[in-house]
Structure formats: C-alpha cells, structure tokens
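A.B. asks: See run_34.txt below, with compact mmCIF, C-alpha atoms and all ligand atoms.
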# COMPACT_ATOMS: atom_id res chain seq x y z
CA MET A 1 0.00 0.00 0.00
CA PRO A 2 1.52 3.39 -0.97
CA LEU A 3 2.85 5.17 2.11
CA ILE A 4 2.62 8.96 1.92
CA ALA A 5 4.76 11.02 4.25
CA ILE A 6 3.28 14.43 4.98
CA ILE A 7 5.42 17.30 6.21
CA PRO A 8 3.17 20.34 6.75
CA GLY A 9 6.26 22.37 7.72
CA ASP A 10 6.22 26.07 8.55
CA GLY A 11 4.17 29.22 8.10
CA ILE A 12 1.18 28.71 5.83
CA GLY A 13 2.37 25.13 5.15
CA PRO A 14 0.13 23.54 7.82
CA GLU A 15 -2.85 25.73 6.80
CA VAL A 16 -2.81 24.53 3.20
CA VAL A 17 -1.63 20.98 3.85
CA LEU A 18 -4.58 20.46 6.18
CA HIS A 19 -6.85 20.52 3.12
CA ALA A 20 -4.48 18.53 0.94
CA ARG A 21 -4.45 15.91 3.66
CA ARG A 22 -8.24 15.85 3.77
CA ALA A 23 -8.28 15.33 0.01
CA LEU A 24 -5.99 12.33 0.49
CA GLU A 25 -8.22 11.05 3.31
CA HIS A 26 -11.20 11.37 0.98
CA TYR A 27 -9.41 9.24 -1.61
CA ARG A 28 -8.45 6.71 1.03
CA ASP A 29 -11.78 6.47 2.89
CA GLU A 30 -14.44 7.17 0.27
CA ARG A 31 -12.82 6.24 -3.02
CA LYS A 32 -10.95 3.35 -1.44
CA LEU A 33 -7.56 4.12 -2.90
CA LEU A 34 -4.96 2.18 -0.99
CA LEU A 35 -3.12 4.96 0.77
CA GLU A 36 -1.40 5.11 4.12
CA LEU A 37 -0.73 8.56 5.54
CA TRP A 38 2.16 9.33 7.87
CA GLU A 39 2.39 12.86 9.24
CA LEU A 40 5.79 14.11 10.33
CA ASP A 41 6.56 16.76 12.87
CA LEU A 42 9.48 18.50 11.14
CA GLY A 43 10.17 22.17 10.57
CA ALA A 44 11.01 25.28 12.53
CA ASP A 45 8.92 24.46 15.64
CA ARG A 46 10.54 21.06 16.01
CA PHE A 47 14.00 22.51 15.37
CA LEU A 48 13.49 25.21 18.00
CA ARG A 49 12.09 22.66 20.44
CA ASP A 50 14.79 19.99 20.28
CA GLY A 51 17.27 20.82 17.51
CA THR A 52 15.98 18.12 15.14
CA THR A 53 16.26 18.89 11.42
CA PHE A 54 15.94 15.76 9.26
CA PRO A 55 16.65 12.64 11.31
CA ARG A 56 18.41 9.67 9.79
CA ASP A 57 15.69 7.16 10.71
CA VAL A 58 13.02 9.31 9.07
CA ALA A 59 15.14 9.74 5.94
CA ASP A 60 15.71 5.98 5.84
CA ARG A 61 12.04 5.10 6.26
CA ILE A 62 11.07 7.55 3.52
CA ALA A 63 13.72 6.11 1.20
CA ASN A 64 12.83 2.49 1.91
CA GLU A 65 9.09 2.51 2.47
CA ALA A 66 7.37 5.65 1.21
CA SER A 67 5.92 6.15 -2.27
CA ALA A 68 5.55 9.89 -1.98
CA VAL A 69 6.23 12.85 0.29
CA LEU A 70 3.98 15.90 0.50
CA LEU A 71 5.78 18.97 1.78
CA GLY A 72 3.90 22.17 2.65
CA ALA A 73 6.51 24.88 3.02
CA LEU A 74 9.65 25.61 5.01
CA GLY A 75 10.99 28.88 6.36
CA ASP A 76 10.51 30.76 9.58
CA PRO A 77 11.68 34.23 10.60
CA ARG A 78 12.75 32.85 13.99
CA VAL A 79 15.48 30.83 12.25
CA PRO A 80 17.03 33.31 9.81
CA GLY A 81 19.83 30.95 8.75
CA LEU A 82 17.31 28.30 7.58
CA GLU A 83 19.79 25.45 8.20
CA TYR A 84 17.02 23.08 9.27
CA ALA A 85 14.99 23.92 6.15
CA ARG A 86 17.91 23.15 3.86
CA ASP A 87 18.52 19.89 5.74
CA ILE A 88 14.93 18.80 5.12
CA LEU A 89 14.40 20.11 1.58
CA PHE A 90 17.78 19.19 0.19
CA GLY A 91 17.85 16.02 2.31
CA LEU A 92 14.81 14.97 0.29
CA ARG A 93 15.75 16.33 -3.14
CA PHE A 94 19.41 15.29 -3.05
CA GLY A 95 19.13 12.34 -0.68
CA LEU A 96 16.46 10.64 -2.79
CA ASP A 97 18.20 11.65 -6.03
CA LEU A 98 15.07 13.40 -7.30
CA TYR A 99 16.82 14.91 -10.27
CA ALA A 100 13.81 16.26 -12.14
CA ASN A 101 11.83 19.07 -10.61
CA MET A 102 8.73 19.23 -12.80
CA ARG A 103 6.87 22.49 -12.56
CA PRO A 104 3.81 22.84 -14.76
CA VAL A 105 2.92 26.39 -15.71
CA LYS A 106 -0.70 26.24 -16.71
CA ALA A 107 -3.27 28.99 -16.32
CA LEU A 108 -6.64 27.67 -15.16
CA ALA A 109 -8.71 30.74 -16.03
CA ASP A 110 -8.39 33.71 -18.41
CA ARG A 111 -8.84 36.08 -15.52
CA LEU A 112 -5.58 34.91 -13.94
CA VAL A 113 -3.42 35.73 -16.94
CA PRO A 114 -1.61 39.04 -16.46
CA LEU A 115 -0.61 39.43 -20.13
CA LYS A 116 -2.50 41.73 -22.46
CA ASP A 117 -4.29 39.87 -25.27
CA ARG A 118 -3.47 36.43 -23.85
CA ALA A 119 -5.85 33.81 -22.50
CA ALA A 120 -5.47 30.77 -20.28
CA LYS A 121 -5.10 28.49 -23.29
CA ASP A 122 -1.90 30.36 -24.22
CA ILE A 123 -0.12 29.40 -21.02
CA ASP A 124 0.61 25.72 -20.80
CA PHE A 125 4.18 24.49 -20.46
CA VAL A 126 6.29 22.45 -18.06
CA VAL A 127 9.69 23.39 -16.72
CA PHE A 128 12.07 20.52 -16.03
CA ARG A 129 14.50 21.93 -13.54
CA GLU A 130 17.70 19.99 -12.74
CA ASN A 131 17.34 19.34 -9.03
CA THR A 132 20.46 17.64 -7.69
CA GLU A 133 23.44 19.72 -8.73
CA GLY A 134 24.31 23.12 -10.19
CA ILE A 135 24.96 25.94 -7.82
CA TYR A 136 22.78 24.28 -5.16
CA VAL A 137 25.44 21.73 -4.17
CA ASN A 138 26.72 24.15 -1.58
CA ILE A 139 30.38 23.68 -2.41
CA GLY A 140 32.40 26.79 -1.74
CA GLY A 141 33.35 28.94 1.14
CA GLN A 142 34.19 32.30 2.50
CA PHE A 143 37.64 33.70 3.04
CA LYS A 144 38.67 36.80 5.03
CA ARG A 145 35.05 37.11 6.12
CA GLY A 146 34.15 40.48 7.58
CA THR A 147 37.24 42.21 6.20
CA PRO A 148 37.41 44.57 3.20
CA ASP A 149 39.14 41.76 1.28
CA GLU A 150 36.53 39.09 1.83
CA ILE A 151 35.82 36.48 -0.81
CA ALA A 152 32.73 34.31 -1.21
CA ILE A 153 32.59 31.37 -3.61
CA ASN A 154 29.75 29.04 -4.61
CA GLU A 155 30.76 26.38 -7.10
CA ASP A 156 28.44 25.45 -9.97
CA VAL A 157 28.64 21.69 -10.47
CA ASN A 158 27.41 20.25 -13.77
CA THR A 159 28.07 16.59 -14.53
CA ARG A 160 27.54 14.90 -17.86
CA LYS A 161 25.37 12.29 -16.16
CA GLY A 162 23.30 14.89 -14.29
CA VAL A 163 22.77 17.15 -17.28
CA GLU A 164 22.00 14.30 -19.64
CA ARG A 165 19.44 12.56 -17.47
CA LEU A 166 17.50 15.79 -16.90
CA ILE A 167 17.49 16.65 -20.59
CA ARG A 168 16.40 13.11 -21.42
CA ALA A 169 13.55 13.41 -18.91
CA GLY A 170 12.34 16.52 -20.73
CA PHE A 171 12.38 14.77 -24.11
CA ASP A 172 10.77 11.61 -22.73
CA TYR A 173 8.01 13.70 -21.22
CA ALA A 174 7.53 15.57 -24.51
CA LYS A 175 7.30 12.30 -26.42
CA LYS A 176 4.87 10.76 -23.97
CA HIS A 177 2.59 13.79 -23.94
CA GLY A 178 2.65 14.58 -27.65
CA LYS A 179 4.60 17.82 -27.29
CA LYS A 180 6.40 19.05 -30.38
CA THR A 181 9.12 21.26 -28.95
CA VAL A 182 11.66 21.16 -26.14
CA HIS A 183 13.54 24.34 -25.28
CA MET A 184 16.79 24.30 -23.33
CA ALA A 185 17.62 27.48 -21.44
CA ASP A 186 21.22 28.21 -20.51
CA LYS A 187 23.72 31.04 -20.47
CA SER A 188 26.36 29.45 -22.67
CA ASN A 189 27.36 32.84 -24.06
CA ALA A 190 28.76 33.78 -20.64
CA MET A 191 29.24 30.52 -18.72
CA LYS A 192 31.47 28.86 -21.26
CA HIS A 193 32.43 25.69 -19.43
CA ALA A 194 29.30 24.49 -17.70
CA HIS A 195 26.81 25.65 -20.25
CA GLU A 196 28.78 24.47 -23.26
CA LEU A 197 28.22 21.04 -21.71
CA TRP A 198 24.47 21.70 -21.47
CA HIS A 199 24.42 22.93 -25.07
CA ARG A 200 26.33 19.97 -26.48
CA CYS A 201 24.46 17.43 -24.41
CA PHE A 202 21.07 18.89 -25.39
CA PHE A 203 21.63 18.55 -29.12
CA GLU A 204 23.15 15.09 -28.73
CA VAL A 205 20.16 13.80 -26.78
CA ALA A 206 17.80 15.58 -29.20
CA LYS A 207 19.03 13.35 -32.03
CA GLU A 208 17.35 10.41 -30.30
CA TYR A 209 13.98 12.19 -30.57
CA PRO A 210 13.62 12.98 -34.27
CA GLY A 211 9.95 14.01 -34.03
CA ILE A 212 10.65 16.71 -31.49
CA ASP A 213 11.98 20.14 -32.31
CA ALA A 214 14.96 20.99 -30.05
CA LYS A 215 15.51 24.69 -29.52
CA HIS A 216 18.13 26.54 -27.56
CA VAL A 217 17.31 29.80 -25.81
CA TYR A 218 19.44 31.96 -23.54
CA VAL A 219 17.77 32.21 -20.18
CA ASP A 220 17.61 36.00 -20.17
CA ALA A 221 15.89 35.96 -23.54
CA LEU A 222 13.57 33.23 -22.28
CA CYS A 223 12.32 35.57 -19.55
CA LEU A 224 11.61 38.18 -22.23
CA TYR A 225 9.80 35.74 -24.54
CA LEU A 226 7.70 34.24 -21.75
CA VAL A 227 6.30 37.66 -20.98
CA GLN A 228 5.90 38.71 -24.62
CA ASP A 229 4.36 35.50 -25.93
CA PRO A 230 4.43 32.23 -23.97
CA ARG A 231 2.56 30.24 -26.64
CA PRO A 232 5.54 28.56 -28.35
CA PHE A 233 6.72 26.96 -25.11
CA GLU A 234 5.77 23.39 -24.21
CA VAL A 235 8.69 21.85 -22.34
CA ILE A 236 11.66 23.82 -21.00
CA VAL A 237 14.73 22.07 -19.59
CA THR A 238 17.23 24.02 -17.55
CA ASN A 239 19.61 23.97 -14.62
CA ASN A 240 18.77 24.21 -10.94
CA LEU A 241 19.11 27.97 -10.40
CA PHE A 242 17.60 29.08 -13.69
CA GLY A 243 14.72 26.66 -13.14
CA ASP A 244 14.06 28.20 -9.75
CA ILE A 245 13.93 31.69 -11.23
CA VAL A 246 12.01 30.88 -14.40
CA THR A 247 9.32 29.01 -12.45
CA ASP A 248 8.59 32.01 -10.26
CA LEU A 249 8.13 34.00 -13.46
CA GLY A 250 5.95 31.11 -14.65
CA ALA A 251 3.88 31.25 -11.46
CA GLY A 252 3.27 34.93 -12.27
CA LEU A 253 1.82 33.89 -15.64
CA GLN A 254 -0.58 31.40 -14.07
CA GLY A 255 -2.01 33.65 -11.38
CA GLY A 256 0.67 33.74 -8.71
CA LEU A 257 2.45 31.38 -6.36
CA GLY A 258 -0.85 30.21 -4.93
CA MET A 259 -1.53 28.41 -8.21
CA ALA A 260 1.82 26.68 -8.80
CA ALA A 261 2.38 22.98 -8.05
CA SER A 262 5.48 20.84 -8.41
CA ALA A 263 6.86 17.32 -8.36
CA ASN A 264 10.42 16.25 -7.64
CA VAL A 265 11.03 12.88 -9.23
CA HIS A 266 13.68 10.38 -10.20
CA TYR A 267 12.17 10.51 -13.67
CA ALA A 268 13.70 7.35 -15.13
CA ASP A 269 12.10 5.20 -12.45
CA SER A 270 8.50 6.05 -11.73
CA LYS A 271 8.36 3.50 -8.91
CA ARG A 272 10.79 5.49 -6.78
CA VAL A 273 9.59 7.70 -3.98
CA ALA A 274 8.93 11.26 -5.15
CA LEU A 275 8.47 14.60 -3.42
CA PHE A 276 5.52 16.90 -4.08
CA GLU A 277 5.39 20.53 -2.98
CA PRO A 278 3.49 23.67 -3.83
CA VAL A 279 6.00 26.14 -5.30
CA HIS A 280 5.13 28.85 -2.78
CA GLY A 281 7.05 29.38 0.43
CA SER A 282 5.93 29.68 4.04
CA ALA A 283 4.67 33.28 3.48
CA PRO A 284 5.14 34.63 7.04
CA PRO A 285 2.92 37.72 6.51
CA LEU A 286 -0.09 35.50 5.69
CA VAL A 287 0.25 33.10 8.62
CA GLY A 288 -2.85 32.62 10.76
CA LYS A 289 -4.93 35.03 8.68
CA ASP A 290 -6.88 32.45 6.68
CA LEU A 291 -5.56 34.11 3.50
CA ALA A 292 -3.31 31.47 1.97
CA ASN A 293 -4.49 29.99 -1.32
CA PRO A 294 -4.83 26.20 -0.91
CA ILE A 295 -5.15 25.54 -4.66
CA ALA A 296 -1.41 24.95 -5.22
CA SER A 297 -1.58 22.23 -2.58
CA PHE A 298 -4.63 20.58 -4.14
CA LEU A 299 -2.94 20.66 -7.55
CA THR A 300 0.16 19.16 -5.92
CA VAL A 301 -1.96 16.31 -4.56
CA GLY A 302 -3.21 15.85 -8.13
CA MET A 303 0.36 15.50 -9.39
CA MET A 304 1.02 12.99 -6.62
CA LEU A 305 -2.01 10.88 -7.50
CA ALA A 306 -0.99 10.88 -11.17
CA HIS A 307 2.47 9.72 -10.14
CA LEU A 308 0.94 6.93 -8.06
CA GLY A 309 -1.03 5.69 -11.06
CA TRP A 310 -4.29 7.67 -10.96
CA PRO A 311 -3.88 10.36 -13.65
CA GLU A 312 -7.66 10.77 -14.00
CA GLU A 313 -7.73 12.10 -10.42
CA GLU A 314 -5.21 14.79 -11.33
CA ALA A 315 -7.53 15.90 -14.14
CA ARG A 316 -10.51 15.87 -11.78
CA ILE A 317 -8.75 17.98 -9.15
CA GLU A 318 -7.51 20.39 -11.78
CA SER A 319 -10.97 20.93 -13.21
CA ILE A 320 -12.46 21.51 -9.75
CA CYS A 321 -9.72 24.06 -9.00
CA ALA A 322 -10.45 25.78 -12.32
CA ARG A 323 -14.14 25.95 -11.39
CA SER A 324 -13.33 27.39 -7.99
CA ILE A 325 -11.58 30.25 -9.79
CA GLU A 326 -14.31 30.70 -12.41
CA THR A 327 -17.08 30.81 -9.81
CA GLY A 328 -15.17 33.09 -7.44
CA ASN A 329 -14.89 30.45 -4.72
CA CYS A 330 -11.28 31.38 -4.15
CA THR A 331 -8.93 33.47 -2.03
CA PRO A 332 -8.19 37.20 -2.57
CA ASP A 333 -4.84 36.62 -4.34
CA VAL A 334 -6.82 35.14 -7.25
CA GLY A 335 -9.71 37.58 -7.11
CA GLY A 336 -12.02 35.87 -4.61
CA LYS A 337 -13.32 36.80 -1.21
CA LEU A 338 -13.13 33.49 0.64
CA GLY A 339 -10.61 32.37 3.21
CA THR A 340 -8.32 29.34 3.07
CA LYS A 341 -10.74 27.18 5.05
CA ALA A 342 -13.80 28.05 2.97
CA VAL A 343 -11.97 27.41 -0.30
CA GLY A 344 -10.64 24.13 1.08
CA GLU A 345 -14.18 23.11 2.06
CA TRP A 346 -15.59 24.15 -1.31
CA ILE A 347 -13.04 22.12 -3.23
CA LEU A 348 -13.45 19.10 -0.94
CA ASN A 349 -17.23 19.27 -1.37
CA GLU A 350 -16.90 19.26 -5.15
CA LEU A 351 -14.49 16.36 -4.89
CA ARG A 352 -17.05 14.42 -2.84
CA LYS A 353 -19.84 15.13 -5.37
CA GLU A 354 -18.26 13.77 -8.51
C1 LIG B 1 11.84 26.59 -4.56
C2 LIG B 1 12.45 27.41 -3.48
C3 LIG B 1 13.71 26.74 -2.93
C4 LIG B 1 14.68 26.56 -4.09
C5 LIG B 1 14.37 27.50 -1.77
C6 LIG B 1 13.43 27.61 -0.58
C7 LIG B 1 15.67 26.88 -1.34
O1 LIG B 1 12.70 28.70 -3.95
O2 LIG B 1 11.54 25.40 -4.30
O3 LIG B 1 11.61 27.11 -5.65
O4 LIG B 1 15.41 27.48 -4.43
O5 LIG B 1 14.69 25.48 -4.66
MG MG B 2 11.85 29.07 -5.86
I'd like the structure from this file rewritten - as structure tokens, please.
C.D. replies:
Amino acid sequence: MPLIAIIPGDGIGPEVVLHARRALEHYRDERKLLLELWELDLGADRFLRDGTTFPRDVADRIANEASAVLLGALGDPRVPGLEYARDILFGLRFGLDLYANMRPVKALADRLVPLKDRAAKDIDFVVFRENTEGIYVNIGGQFKRGTPDEIAINEDVNTRKGVERLIRAGFDYAKKHGKKTVHMADKSNAMKHAHELWHRCFFEVAKEYPGIDAKHVYVDALCLYLVQDPRPFEVIVTNNLFGDIVTDLGAGLQGGLGMAASANVHYADSKRVALFEPVHGSAPPLVGKDLANPIASFLTVGMMLAHLGWPEEEARIESICARSIETGNCTPDVGGKLGTKAVGEWILNELRKE
C-alpha cells in the first residue's frame, strides 16, 4: 500500500496541507484508494524545540518505504539561517536523487493571466529543472570574512550524467505527452564551461527524438519571450538555479504562487519515492490570517495521484480548482473573497460530489 509522508512544515504550510491531507483522506476512505498517511513533525517548531532537522531514521524510512512525500513549506523568521529547512528540503531532493523538478505552468482561467491579449489556453508548459546539482550543491566557502578583502565562492557543479538525465527526462516527457518542442535554457554565451556542456548534451540527446523540435534559448531571452508571448513553449529544460527563477516567473503567468504545483522525481524510475510541494514558500505575513491559497496544494496532490497511477484524479482535481476560480470560490490573491478554510471546504465538497 503506498505510504505517503506528509510534512506540513512552517508558516502557511500547515494551513494549506490540512486541506491537501483531507483530500488524500477522501481518496483513502471514500474512493478506497490504498493509501497510508504518515504525518511528520518537522520544521522550525521542532528545530526550535529539540534541535531536530531531518533525522536519519526518518530519511531511511522515507527512502525504503514511502511512495511519496507531501511537503507544505519551510521557512521561519525565527530561524534566519534556515539550516534546518535546507537539511529537510535538500535532504529529500538530493538524498532521494530526485533529479527532475517538474513544474507545470498552466493557467486555469483567463482572468488569472496578467498578459494583455493572452488567454489561459496560451499558457501551458512544463519546466524541467535539474534538481540535484548546479549551484545548489553548496560547495564553496568564505575567506577573510568580515574584512574589506573578503571572498565568497559558490561552485556550480554540472556533470555529464546529471545534465544528460534531466534533458532526457524533458524529451521523454515531450514524447509521452505529444509535445512538439523542447527548449533548453542556458547562459552558454557567458558561462562557457558548464553551459557548453548543457548545449552539447542537449543537441546530442535531441538526435534520439527525431519528431521533437529541439531549440536553444538563452535564459535571459527566455524571460523576455515568456512575458511577450508564452505560446511557443511546451517543455523547458534548464539547470537548478535558472529553473528556480524561471518558475517564479511562470507562477506569475498562471495567477501567482498560490496556483503553482510541483513534483520532484527520479524521472527514469516512476516507482521510486517522489516529493511533491506547492512552489510557494511559508509566506510569514499570511500566517494565521486564513488568507493562503490552498489551490497549489490541491494541484500538488493531483500530481502525486498521477504519479501513483491515478492520472484521472489529477484531471478531476484540476478541473475543480479551475471551477473554484471561475465561480469566485477562491482566495483574494486570485480575485475571490473566501478564506483558506472556505476554499478548502468548497473544493473538498466538489471532490465528494463527482
Ligand atoms: C523553490 C524554493 C527553494 C529553491 C528554496 C526555498 C531553497 O525557492 O523550491 O523554488 O530554491 O529550490
Ligand atoms: Mg523558488
């Protein structure tokens, strides 16, 4: 039976995950999907209470027994250094070798699209962000800290294996979903060594997918094009840092961070445990105000159910979320007047009806 670890985390994380959890309970209890839920007390509160970040036994049980992890959000102003958050988030992404961070950018209603003359149908692409290397490996250091001569270095690690498997995931996805184009975004005009590897690797892998158009785009130009006309984009592959940045821009195109879901997967092996998280953070200013948009979490549950073998449930959840926007049963960030709890209830009710 699939075991799902749930880490509500910090800030608005528990407020939105509460509803995501109830959606999973609905699937378990009423639709009889075989799911076992395992809630974990990890995050800033736990760290401040007893110093725990991401314990070895929890990491081992997730790696050996879980099918999926649902993570709300991490980040708390009481722990400015965020060491515990990095331990948990990167412990999962790196520790489970979840090399593909899939972030769909899809607008669910015309009203959410901030671009003049563009409609929801014009915004529908997926970013495949490399998730286990790049500048996120945290190799580097500081020298002469606090002096006028100080030096700070963060190394950008790009391996042939890491780059190739992410690019291949993007093409495999495109092939499976009938997409015609894969774009690769890099900065090979400035970052000669690392991004020449990305460039070369991209066109080599592309040869194995003759039906798919492989296009290179510099990441700065990509940001320009996405705002001018996002229609040509279907699948974008890119490195860890650029993927982080481009997907926030993408969230802006789909109605904000409250609408953006993500999956972190070991793409080549769909049986391996995967991590699912809404793209938004812990949003300290919204905490306890019943203002957080739970839709990203519901959509994230949809991605999880698709990963576990129930893609029709992802479609169902997505269409209910779209209706919640269309009918105004949504939070103020997406033009509604309801609070987190009321939106959560509304979506759960629709889920129960169908
Ligand atoms: C994200 C976040 C994280 C990242 C932060 C919290 C480290 O911005 O998931 O997009 O950069 O990956
Ligand atoms: Mg980010």
A.B. asks: Compile a residue-level contact table for region 64-125 of chain A against region 16-36 of chain A at a cut-off of 9 Å, reporting for every qualifying residue the shortest atom pair and its distance in Å to one decimal, with only C-alpha atoms counted, rows ordered by chain and ascending number, as CSV.
C.D. replies:
residue,atom,partner,partner_atom,distance
A:Leu70,CA,A:Val17,CA,8.3
A:Leu71,CA,A:Val17,CA,8.0
A:Gly72,CA,A:Val17,CA,5.8
A.B. asks: Could the residues of chain A that have an atom at most 12 Å from ligand MG 2 (chain B) be listed as a tab-separated table, each with its closest atom pair and the distance in Å to one decimal, counting all atoms listed in the file and ordered by chain and ascending residue number?
C.D. replies:
residue	atom	partner	partner_atom	distance
A:Ala73	CA	B:MG2	MG	11.2
A:Leu74	CA	B:MG2	MG	11.6
A:Leu89	CA	B:MG2	MG	11.9
A:Asn101	CA	B:MG2	MG	11.1
A:Arg103	CA	B:MG2	MG	10.6
A:Arg129	CA	B:MG2	MG	10.8
A:Asn131	CA	B:MG2	MG	11.6
A:Tyr136	CA	B:MG2	MG	12.0
A:Asn240	CA	B:MG2	MG	9.9
A:Leu241	CA	B:MG2	MG	8.6
A:Phe242	CA	B:MG2	MG	9.7
A:Gly243	CA	B:MG2	MG	8.2
A:Asp244	CA	B:MG2	MG	4.6
A:Ile245	CA	B:MG2	MG	6.3
A:Val246	CA	B:MG2	MG	8.7
A:Thr247	CA	B:MG2	MG	7.1
A:Asp248	CA	B:MG2	MG	6.2
A:Leu249	CA	B:MG2	MG	9.8
A:Gly250	CA	B:MG2	MG	10.8
A:Ala251	CA	B:MG2	MG	10.0
A:Leu257	CA	B:MG2	MG	9.7
A:Ala260	CA	B:MG2	MG	10.7
A:Ala261	CA	B:MG2	MG	11.5
A:Ser262	CA	B:MG2	MG	10.7
A:Glu277	CA	B:MG2	MG	11.1
A:Pro278	CA	B:MG2	MG	10.2
A:Val279	CA	B:MG2	MG	6.6
A:His280	CA	B:MG2	MG	7.4
A:Gly281	CA	B:MG2	MG	7.9
A:Ser282	CA	B:MG2	MG	11.6
A.B. asks: Gly43 (chain A): which residues within 12 Å, counting all atoms listed in the file, same-chain residues fewer than 6 positions away excluded, as an NGL selection string?
C.D. replies: :A and (6-11 or 13-14 or 49-55 or 71-76 or 78-79 or 82-89 or 282)
A.B. asks: Keeping only C-alpha atoms, take the residues you just selected and write them out as a PDB file, keeping the file's coordinate frame.
C.D. replies:
ATOM      1  CA  ILE A   6       3.280  14.430   4.980  1.00  0.00           C
ATOM      2  CA  ILE A   7       5.420  17.300   6.210  1.00  0.00           C
ATOM      3  CA  PRO A   8       3.170  20.340   6.750  1.00  0.00           C
ATOM      4  CA  GLY A   9       6.260  22.370   7.720  1.00  0.00           C
ATOM      5  CA  ASP A  10       6.220  26.070   8.550  1.00  0.00           C
ATOM      6  CA  GLY A  11       4.170  29.220   8.100  1.00  0.00           C
ATOM      7  CA  GLY A  13       2.370  25.130   5.150  1.00  0.00           C
ATOM      8  CA  PRO A  14       0.130  23.540   7.820  1.00  0.00           C
ATOM      9  CA  ARG A  49      12.090  22.660  20.440  1.00  0.00           C
ATOM     10  CA  ASP A  50      14.790  19.990  20.280  1.00  0.00           C
ATOM     11  CA  GLY A  51      17.270  20.820  17.510  1.00  0.00           C
ATOM     12  CA  THR A  52      15.980  18.120  15.140  1.00  0.00           C
ATOM     13  CA  THR A  53      16.260  18.890  11.420  1.00  0.00           C
ATOM     14  CA  PHE A  54      15.940  15.760   9.260  1.00  0.00           C
ATOM     15  CA  PRO A  55      16.650  12.640  11.310  1.00  0.00           C
ATOM     16  CA  LEU A  71       5.780  18.970   1.780  1.00  0.00           C
ATOM     17  CA  GLY A  72       3.900  22.170   2.650  1.00  0.00           C
ATOM     18  CA  ALA A  73       6.510  24.880   3.020  1.00  0.00           C
ATOM     19  CA  LEU A  74       9.650  25.610   5.010  1.00  0.00           C
ATOM     20  CA  GLY A  75      10.990  28.880   6.360  1.00  0.00           C
ATOM     21  CA  ASP A  76      10.510  30.760   9.580  1.00  0.00           C
ATOM     22  CA  ARG A  78      12.750  32.850  13.990  1.00  0.00           C
ATOM     23  CA  VAL A  79      15.480  30.830  12.250  1.00  0.00           C
ATOM     24  CA  LEU A  82      17.310  28.300   7.580  1.00  0.00           C
ATOM     25  CA  GLU A  83      19.790  25.450   8.200  1.00  0.00           C
ATOM     26  CA  TYR A  84      17.020  23.080   9.270  1.00  0.00           C
ATOM     27  CA  ALA A  85      14.990  23.920   6.150  1.00  0.00           C
ATOM     28  CA  ARG A  86      17.910  23.150   3.860  1.00  0.00           C
ATOM     29  CA  ASP A  87      18.520  19.890   5.740  1.00  0.00           C
ATOM     30  CA  ILE A  88      14.930  18.800   5.120  1.00  0.00           C
ATOM     31  CA  LEU A  89      14.400  20.110   1.580  1.00  0.00           C
ATOM     32  CA  SER A 282       5.930  29.680   4.040  1.00  0.00           C
TER      33      SER A 282
END
A.B. asks: To one decimal place in Å, what is the distance between CA of Leu96 (chain A) and CA of Glu155 (chain A)?
C.D. replies: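 Going from CA of Leu96 (chain A) over to CA of Glu155 (chain A) covers 21.7 Å.
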A.B. asks: Figure out the distance between CA of Val219 (chain A) and CA of Met259 (chain A), please, to one decimal in Å.
C.D. replies: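 Going from CA of Met259 (chain A) over to CA of Val219 (chain A), I get 23.0 Å.
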A.B. asks: Under the rule that all atoms listed in the file are counted, which of A:Leu348, A:Ile212, A:Leu275, A:Ile317 is the nearest residue to Leu108 (chain A)?
C.D. replies: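 With all atoms listed in the file as the atom set, the closest residue is A:Ile317.
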A.B. asks: From the list A:Val69, A:Leu308, A:Ala283, A:Ala185, which residue is nearest Ile236 (chain A) when using only C-alpha atoms?
C.D. replies: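 Of A:Val69, A:Leu308, A:Ala283, A:Ala185, the one nearest Ile236 (chain A) is A:Ala185, counting only C-alpha atoms.
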A.B. asks: With 12 Å as the threshold, what does the neighbourhood of (-7.3, 34.9, -15.7) contain in terms of residues, counting all atoms listed in the file? Coordinates are those of the file; answer as a ChimeraX atom specification.
C.D. replies: /A:106-123,252-256,259,322,325-326,328,333-335
A.B. asks: Can you tell me which residues surround Gly141 (chain A) at a distance of at most 12 Å, considering all atoms listed in the file, apart from same-chain residues fewer than 3 positions away, and format the answer as a list in words?
C.D. replies: Val137, Asn138, Lys144, Arg145, Glu150, Ile151, Ala152, Ile153, Asn154 and Glu155 of chain A
A.B. asks: So, counting only C-alpha atoms and all ligand atoms, which residue among A:Asp97, A:Glu354, A:Glu130, A:Asp220 is closest to ligand LIG 1 (chain B)?
C.D. replies: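 Selected residue with least distance to ligand LIG 1 (chain B): A:Glu130.
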A.B. asks: Would you work out the distance separating CA of Thr132 (chain A) from CA of Tyr99 (chain A), expressed in Å to one decimal?
C.D. replies: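 Taking CA of Thr132 (chain A) and CA of Tyr99 (chain A), their separation equals 5.2 Å.
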A.B. asks: Determine the axis-aligned bounding box of all atoms of region 215-218 of chain A present in the file, pad each side by 4 Å, and express its centre and edge lengths in Å to one decimal place as AutoDock Vina command-line options.
C.D. replies:
--center_x 17.5 --center_y 28.3 --center_z -26.5 --size_x 11.9 --size_y 15.3 --size_z 14.0
